[in-house]
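Chemist: Following this line is data_34.cif, made up of mmCIF, C-alpha atoms:
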data_entry
loop_
_atom_site.label_atom_id
_atom_site.label_comp_id
_atom_site.auth_asym_id
_atom_site.auth_seq_id
_atom_site.Cartn_x
_atom_site.Cartn_y
_atom_site.Cartn_z
CA MET A 711 -64.05 36.49 -98.21
CA ARG A 712 -67.43 36.86 -96.57
CA VAL A 713 -67.07 38.07 -92.96
CA PRO A 714 -69.42 36.18 -90.58
CA ARG A 715 -71.83 38.44 -88.68
CA PHE A 716 -71.35 37.06 -85.17
CA ASN A 717 -67.90 37.43 -83.62
CA TRP A 718 -67.97 34.23 -81.59
CA PRO A 719 -64.26 34.25 -80.60
CA ILE A 720 -64.59 37.53 -78.73
CA TRP A 721 -67.66 36.40 -76.80
CA THR A 722 -66.29 32.94 -76.05
CA GLY A 723 -63.01 34.51 -74.94
CA PHE A 724 -64.84 36.79 -72.54
CA LEU A 725 -67.04 34.00 -71.15
CA LEU A 726 -63.96 31.84 -70.67
CA SER A 727 -62.33 34.54 -68.57
CA LEU A 728 -65.44 34.52 -66.35
CA LEU A 729 -65.23 30.74 -66.17
CA ALA A 730 -61.53 30.98 -65.33
CA VAL A 731 -62.17 33.13 -62.28
CA LEU A 732 -65.36 31.43 -61.04
CA SER A 733 -64.09 27.89 -61.41
CA TYR A 734 -61.41 28.42 -58.80
CA PRO A 735 -63.55 28.81 -55.68
CA PHE A 736 -66.29 26.47 -56.96
CA VAL A 737 -64.35 23.68 -58.66
CA PHE A 738 -60.58 23.67 -58.52
CA VAL A 739 -60.34 24.51 -54.84
CA ARG A 740 -61.39 20.91 -54.06
CA TRP A 741 -58.09 19.29 -55.04
CA PRO A 742 -54.76 20.35 -53.52
CA PHE A 743 -53.10 19.93 -56.91
CA THR A 744 -55.17 22.67 -58.51
CA ARG A 745 -55.76 24.68 -55.32
CA ASP A 746 -52.22 25.31 -54.10
CA PHE A 747 -51.25 26.88 -57.41
CA PRO A 748 -54.13 27.81 -59.79
CA TRP A 749 -52.50 26.49 -62.95
CA ALA A 750 -55.85 25.19 -64.31
CA ASN A 751 -57.35 28.66 -64.07
CA LEU A 752 -54.31 30.33 -65.60
CA LEU A 753 -54.57 27.82 -68.44
CA ILE A 754 -58.21 28.79 -69.05
CA PHE A 755 -57.14 32.45 -69.00
CA CYS A 756 -54.55 31.67 -71.69
CA ILE A 757 -57.15 30.07 -73.93
CA SER A 758 -59.41 33.05 -73.27
CA ALA A 759 -56.61 35.43 -74.27
CA LEU A 760 -56.04 33.51 -77.48
CA LEU A 761 -59.72 33.67 -78.42
CA LEU A 762 -59.90 37.34 -77.51
CA SER A 763 -56.94 38.15 -79.76
CA ILE A 764 -58.59 36.25 -82.64
CA GLY A 765 -61.82 38.12 -81.90
CA VAL A 766 -60.14 41.52 -81.84
CA ARG A 767 -58.50 40.85 -85.20
CA ARG A 768 -61.86 39.85 -86.62
CA ALA A 769 -63.58 42.92 -85.21
CA PHE A 770 -61.01 45.19 -86.80
CA ALA A 771 -61.42 43.65 -90.26
CA SER A 772 -62.30 46.55 -92.57
CA GLU A 773 -65.87 45.49 -93.42
CA ARG A 774 -67.03 45.45 -89.81
CA PRO A 775 -69.07 48.30 -88.29
CA ARG A 776 -67.59 50.57 -85.63
CA ARG A 777 -69.74 49.14 -82.84
CA SER A 778 -68.16 45.74 -83.46
CA LYS A 779 -64.73 47.20 -82.75
CA ILE A 780 -65.95 48.99 -79.62
CA ALA A 781 -67.58 45.83 -78.29
CA ALA A 782 -64.38 43.88 -78.91
CA LEU A 783 -62.32 46.43 -77.00
CA ILE A 784 -64.75 46.54 -74.09
CA LEU A 785 -64.87 42.75 -73.78
CA THR A 786 -61.09 42.49 -73.94
CA THR A 787 -60.68 45.17 -71.28
CA LEU A 788 -63.23 43.47 -69.03
CA SER A 789 -61.42 40.16 -69.44
CA ALA A 790 -58.11 41.80 -68.57
CA ALA A 791 -59.75 43.28 -65.46
CA ILE A 792 -61.08 39.85 -64.51
CA LEU A 793 -57.59 38.38 -64.87
CA GLY A 794 -56.16 41.22 -62.81
CA PHE A 795 -58.73 40.63 -60.10
CA PHE A 796 -57.94 36.91 -60.04
CA VAL A 797 -54.18 37.43 -59.81
CA PHE A 798 -54.67 40.04 -57.08
CA SER A 799 -57.04 37.83 -55.07
CA PHE A 800 -54.93 34.73 -55.20
CA PHE A 801 -51.38 36.01 -55.06
CA ILE A 802 -51.74 39.23 -53.09
CA ALA A 803 -54.92 39.69 -51.04
CA SER A 804 -54.96 36.16 -49.67
CA ARG A 805 -51.56 36.76 -48.12
CA TRP A 806 -52.76 39.70 -46.08
CA LEU A 807 -52.93 37.64 -42.93
CA PRO A 808 -52.11 38.80 -39.40
CA ALA A 809 -48.78 37.46 -38.10
CA ALA A 810 -50.20 35.37 -35.22
CA GLN A 811 -46.98 35.74 -33.26
CA GLY A 812 -48.76 34.80 -30.05
CA ALA A 813 -50.00 31.48 -31.42
CA PRO A 814 -48.84 28.45 -29.41
CA GLN A 815 -45.58 27.03 -30.71
CA VAL A 816 -44.21 23.50 -30.84
CA GLY A 817 -43.50 22.35 -27.29
CA GLN A 818 -46.04 24.68 -25.65
CA LYS A 819 -49.29 23.65 -24.06
CA ALA A 820 -52.30 24.48 -26.22
CA PRO A 821 -54.70 26.94 -24.51
CA ASP A 822 -57.86 25.39 -23.16
CA PHE A 823 -61.31 26.29 -24.49
CA MET A 824 -65.00 25.33 -24.26
CA LEU A 825 -67.03 25.67 -27.46
CA ALA A 826 -70.37 24.45 -28.82
CA ASP A 827 -70.45 21.60 -31.32
CA ILE A 828 -73.03 21.26 -34.13
CA ASN A 829 -75.60 19.96 -31.63
CA ASN A 830 -75.10 23.00 -29.41
CA LYS A 831 -73.37 20.87 -26.78
CA ASN A 832 -70.36 22.44 -25.03
CA VAL A 833 -67.10 20.58 -25.56
CA SER A 834 -63.76 21.34 -23.88
CA LEU A 835 -60.27 20.73 -25.24
CA ALA A 836 -59.64 18.35 -22.31
CA GLU A 837 -62.58 16.20 -23.44
CA LEU A 838 -61.36 16.21 -27.04
CA LEU A 839 -57.93 15.05 -25.90
CA SER A 840 -59.16 12.31 -23.60
CA SER A 841 -62.20 10.74 -25.28
CA PRO A 842 -61.38 7.55 -27.16
CA ILE A 843 -61.57 7.18 -30.95
CA ASN A 844 -63.31 3.96 -32.00
CA GLY A 845 -62.76 2.52 -28.53
CA LYS A 846 -59.03 3.25 -28.47
CA PRO A 847 -57.35 6.14 -26.60
CA ALA A 848 -56.76 9.18 -28.82
CA LYS A 849 -53.14 9.77 -29.77
CA GLY A 850 -53.74 13.43 -30.39
CA VAL A 851 -55.98 16.18 -31.72
CA LEU A 852 -55.66 18.19 -34.93
CA LEU A 853 -57.12 21.68 -34.47
CA ILE A 854 -58.10 23.19 -37.81
CA PHE A 855 -58.92 26.89 -37.52
CA TYR A 856 -60.60 28.15 -40.67
CA ARG A 857 -62.23 31.35 -41.91
CA GLY A 858 -65.76 29.99 -41.95
CA TYR A 859 -68.37 29.54 -44.66
CA TRP A 860 -70.54 32.57 -44.03
CA MET B 314 -60.34 12.70 -42.58
CA ASP B 315 -60.57 8.97 -41.93
CA LYS B 316 -56.81 8.93 -42.49
CA PHE B 317 -56.48 10.85 -39.24
CA THR B 318 -58.88 8.88 -37.07
CA GLY B 319 -57.25 5.74 -38.47
CA VAL B 320 -53.97 6.77 -36.78
CA GLY B 321 -55.65 7.95 -33.58
CA ILE B 322 -55.79 11.67 -34.37
CA ARG B 323 -59.07 13.47 -33.77
CA PRO B 324 -59.65 16.30 -36.31
CA VAL B 325 -61.48 19.31 -34.86
CA ALA B 326 -62.52 22.23 -37.07
CA ILE B 327 -63.05 25.63 -35.41
CA SER B 328 -64.45 28.82 -36.93
CA VAL B 329 -66.85 31.64 -36.15
CA ASP B 330 -69.66 29.80 -37.95
CA THR B 331 -72.63 29.04 -35.69
CA PRO B 332 -73.54 25.41 -34.94
CA GLU B 333 -76.41 25.69 -37.44
CA VAL B 334 -74.13 26.80 -40.27
CA SER B 335 -71.59 24.10 -39.45
CA ARG B 336 -74.29 21.44 -39.24
CA ASP B 337 -75.51 22.50 -42.69
CA LEU B 338 -71.97 22.31 -44.06
CA CYS B 339 -71.40 18.87 -42.51
CA GLN B 340 -74.65 17.55 -43.96
CA LYS B 341 -73.88 18.89 -47.43
CA ALA B 342 -70.25 17.80 -47.49
CA GLY B 343 -70.72 14.58 -45.54
CA TYR B 344 -68.25 15.50 -42.80
CA THR B 345 -68.48 13.41 -39.66
CA PHE B 346 -65.68 14.91 -37.59
CA THR B 347 -66.04 17.52 -34.83
CA PHE B 348 -66.95 21.09 -35.77
CA LEU B 349 -66.85 23.72 -33.01
CA SER B 350 -68.34 27.22 -33.09
CA ASP B 351 -66.50 30.27 -31.78
CA PRO B 352 -68.72 33.18 -32.82
CA LYS B 353 -67.24 35.43 -30.11
CA VAL B 354 -63.67 34.61 -31.23
CA GLU B 355 -62.80 33.51 -27.67
CA ALA B 356 -60.64 30.48 -28.47
CA ILE B 357 -59.49 32.16 -31.67
CA ARG B 358 -58.21 35.08 -29.62
CA ARG B 359 -56.47 32.78 -27.14
CA TYR B 360 -54.59 31.21 -30.04
CA ASP B 361 -53.80 34.70 -31.43
CA LEU B 362 -55.52 33.94 -34.73
CA VAL B 363 -57.95 36.85 -34.92
CA HIS B 364 -58.32 38.38 -38.38
CA ALA B 365 -60.21 41.57 -37.64
CA GLY B 366 -63.20 42.64 -39.72
CA GLN B 367 -62.78 40.03 -42.43
CA GLY B 368 -66.20 38.46 -42.08
CA ILE B 369 -68.95 39.24 -44.57
CA ASN B 370 -70.63 41.54 -42.02
CA GLY B 371 -67.35 43.00 -40.88
CA GLN B 372 -67.03 40.62 -37.96
CA ASP B 373 -63.73 39.20 -36.70
CA ILE B 374 -62.89 35.74 -37.97
CA ALA B 375 -59.97 33.34 -37.63
CA ARG B 376 -56.95 33.37 -39.93
CA PRO B 377 -56.32 29.80 -41.07
CA ALA B 378 -53.97 27.67 -38.96
CA GLU B 379 -53.53 24.04 -37.97
CA PHE B 380 -52.14 22.66 -34.70
CA LEU B 381 -51.36 19.01 -34.03
CA LEU B 382 -51.55 18.29 -30.28
CA ASP B 383 -50.51 15.12 -28.49
CA SER B 384 -52.79 13.52 -25.90
CA SER B 385 -51.43 15.75 -23.12
CA GLY B 386 -52.27 18.91 -25.05
CA ILE B 387 -48.72 19.82 -26.06
CA VAL B 388 -48.31 21.32 -29.53
CA ARG B 389 -46.25 18.99 -31.74
CA TRP B 390 -46.71 20.63 -35.15
CA VAL B 391 -48.02 23.99 -36.35
CA ASN B 392 -48.97 25.30 -39.78
CA LEU B 393 -49.54 29.04 -40.05
CA THR B 394 -50.43 29.28 -43.71
CA GLU B 395 -49.05 32.27 -45.66
CA ASN B 396 -51.85 32.21 -48.22
CA TYR B 397 -55.33 31.34 -47.11
CA TRP B 398 -56.03 29.34 -50.26
CA VAL B 399 -53.09 27.01 -49.58
CA ARG B 400 -53.61 24.49 -46.80
CA ALA B 401 -51.35 21.80 -45.36
CA ARG B 402 -51.52 18.52 -47.24
CA PRO B 403 -52.76 15.52 -45.23
CA GLU B 404 -49.44 13.74 -45.88
CA GLN B 405 -47.55 16.45 -44.03
CA ILE B 406 -49.81 16.15 -41.00
CA LEU B 407 -49.71 12.35 -41.00
CA GLU B 408 -45.93 12.50 -41.08
CA ALA B 409 -45.99 14.75 -38.01
CA ALA B 410 -48.50 12.43 -36.32
CA LYS B 411 -46.15 9.47 -36.71
CA ALA B 412 -43.63 11.21 -34.47
CA ILE B 413 -46.10 11.22 -31.58
CA GLN B 414 -45.88 8.12 -29.41
#
If you took the structure in this file and wrote it as structure tokens, what would it be?

Modeler:
Amino acid sequence: MRVPRFNWPIWTGFLLSLLAVLSYPFVFVRWPFTRDFPWANLLIFCISALLLSIGVRRAFASERPRRSKIAALILTTLSAAILGFFVFSFFIASRWLPAAQGAPQVGQKAPDFMLADINNKNVSLAELLSSPINGKPAKGVLLIFYRGYW
Amino acid sequence: MDKFTGVGIRPVAISVDTPEVSRDLCQKAGYTFTFLSDPKVEAIRRYDLVHAGQGINGQDIARPAEFLLDSSGIVRWVNLTENYWVRARPEQILEAAKAIQ
């Protein structure tokens, strides 16, 4: 059987592992269903692993040159490192959060503050609590502290 | 976010981002709710949410958290997320908002 010159499974497998890791923060993070547990990304990693294993088998077919085998091993190792990085980032590093034991609890009064809005105008918590929403008195305020988009 | 204003809850996002960065974000994402800037982590510190040195330039930022306050400023619901990728679902917050009279 004639062995094709270009080992497309190994390259596609590697590119898919890159796609698997990059698509989380840029695509799948938008929907809670795929954000709260990255099953879509893990699925792409599975397909990548399948292609990589096909590619490795191809590379080790006897007619192929040595460099083909080395390339296959390097790409597979890189893909494994990418998967490792993804698993570490999502399941381990993102849990390294300070305990926030001093954060206000249910039943306590929320600390006051005065901060600038997007028009550089200072706004206090008291104002946020008392200004009406669409002409009706506000029932409450939802404070969403986030890491920022720097 | 309209789900919240529809039930009388005002969403307010707070981070260390400057007003310019937040304005940019709001324009790109089409957000119309309140975004406040706390570059000196003053409010963040008062709420004990400082995550030291995590910013891209090593600056202190906030760890993610959500607080639902009633109109007198009392905390009625808190979410201190364990994983910063996982946030509270709107349904959970709306459920908590229903309990406020």

Chemist: Would you kindly translate the PyMOL selection byres ((chain A) within 8 of (chain B)) into the concrete residues it picks from this file, as JSON, numbers by chain?

Modeler: {"A": [739, 742, 745, 746, 800, 801, 804, 805, 806, 807, 808, 810, 811, 812, 813, 814, 815, 816, 817, 818, 819, 820, 821, 822, 823, 824, 825, 826, 827, 828, 829, 830, 836, 838, 839, 840, 843, 846, 847, 848, 849, 850, 851, 852, 853, 854, 855, 856, 857, 858, 859, 860]}

Chemist: CA of Phe738 in chain A and CA of Ser758 in chain A, how far apart in Å?

Modeler: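 Between CA of Ser758 in chain A and CA of Phe738 in chain A the gap is 17.5 Å.
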
Chemist: Starting from the point (-56.5, 32.9, -77.3), work out which residues of protein, DNA or RNA have an atom no more than 12 Å away when counting only C-alpha atoms; state them as a PDB file with C-alpha atoms, in the frame of the given file.

Modeler:
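The new file out-v2.pdb reads:
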ATOM      1  CA  PRO A 719     -64.260  34.250 -80.600  1.00  0.00           C
ATOM      2  CA  ILE A 720     -64.590  37.530 -78.730  1.00  0.00           C
ATOM      3  CA  TRP A 721     -67.660  36.400 -76.800  1.00  0.00           C
ATOM      4  CA  THR A 722     -66.290  32.940 -76.050  1.00  0.00           C
ATOM      5  CA  GLY A 723     -63.010  34.510 -74.940  1.00  0.00           C
ATOM      6  CA  PHE A 724     -64.840  36.790 -72.540  1.00  0.00           C
ATOM      7  CA  LEU A 726     -63.960  31.840 -70.670  1.00  0.00           C
ATOM      8  CA  SER A 727     -62.330  34.540 -68.570  1.00  0.00           C
ATOM      9  CA  LEU A 753     -54.570  27.820 -68.440  1.00  0.00           C
ATOM     10  CA  ILE A 754     -58.210  28.790 -69.050  1.00  0.00           C
ATOM     11  CA  PHE A 755     -57.140  32.450 -69.000  1.00  0.00           C
ATOM     12  CA  CYS A 756     -54.550  31.670 -71.690  1.00  0.00           C
ATOM     13  CA  ILE A 757     -57.150  30.070 -73.930  1.00  0.00           C
ATOM     14  CA  SER A 758     -59.410  33.050 -73.270  1.00  0.00           C
ATOM     15  CA  ALA A 759     -56.610  35.430 -74.270  1.00  0.00           C
ATOM     16  CA  LEU A 760     -56.040  33.510 -77.480  1.00  0.00           C
ATOM     17  CA  LEU A 761     -59.720  33.670 -78.420  1.00  0.00           C
ATOM     18  CA  LEU A 762     -59.900  37.340 -77.510  1.00  0.00           C
ATOM     19  CA  SER A 763     -56.940  38.150 -79.760  1.00  0.00           C
ATOM     20  CA  ILE A 764     -58.590  36.250 -82.640  1.00  0.00           C
ATOM     21  CA  GLY A 765     -61.820  38.120 -81.900  1.00  0.00           C
ATOM     22  CA  VAL A 766     -60.140  41.520 -81.840  1.00  0.00           C
ATOM     23  CA  ARG A 767     -58.500  40.850 -85.200  1.00  0.00           C
ATOM     24  CA  THR A 786     -61.090  42.490 -73.940  1.00  0.00           C
ATOM     25  CA  SER A 789     -61.420  40.160 -69.440  1.00  0.00           C
TER      26      SER A 789
END

Chemist: One number please: CA of Ser834 in chain A to CA of Gly371 in chain B, in Å, one decimal.

Modeler: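 Taking CA of Ser834 in chain A as the start and CA of Gly371 in chain B as the end point, the length is 27.8 Å.
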
Chemist: Please list as a ChimeraX atom specification every residue within 10 Å of Leu793 in chain A, counting all atoms listed in the file and excluding residues in the same chain fewer than 3 positions away.

Modeler: /A:727-728,730-731,751-752,755,759,787-790,796-799

Chemist: Return as lines of an AutoDock Vina configuration file the box centre and box size in Å, one decimal, for an axis-aligned box around all listed atoms of range 349-363 of chain B padded by 6 Å per side.

Modeler:
center_x = -61.3
center_y = 30.3
center_z = -31.0
size_x = 26.9
size_y = 25.1
size_z = 19.8

Chemist: For a test of reading the model, state the distance in Å between CA of Ala809 in chain A and CA of Val737 in chain A, rounded to one decimal.

Modeler: 29.2 Å
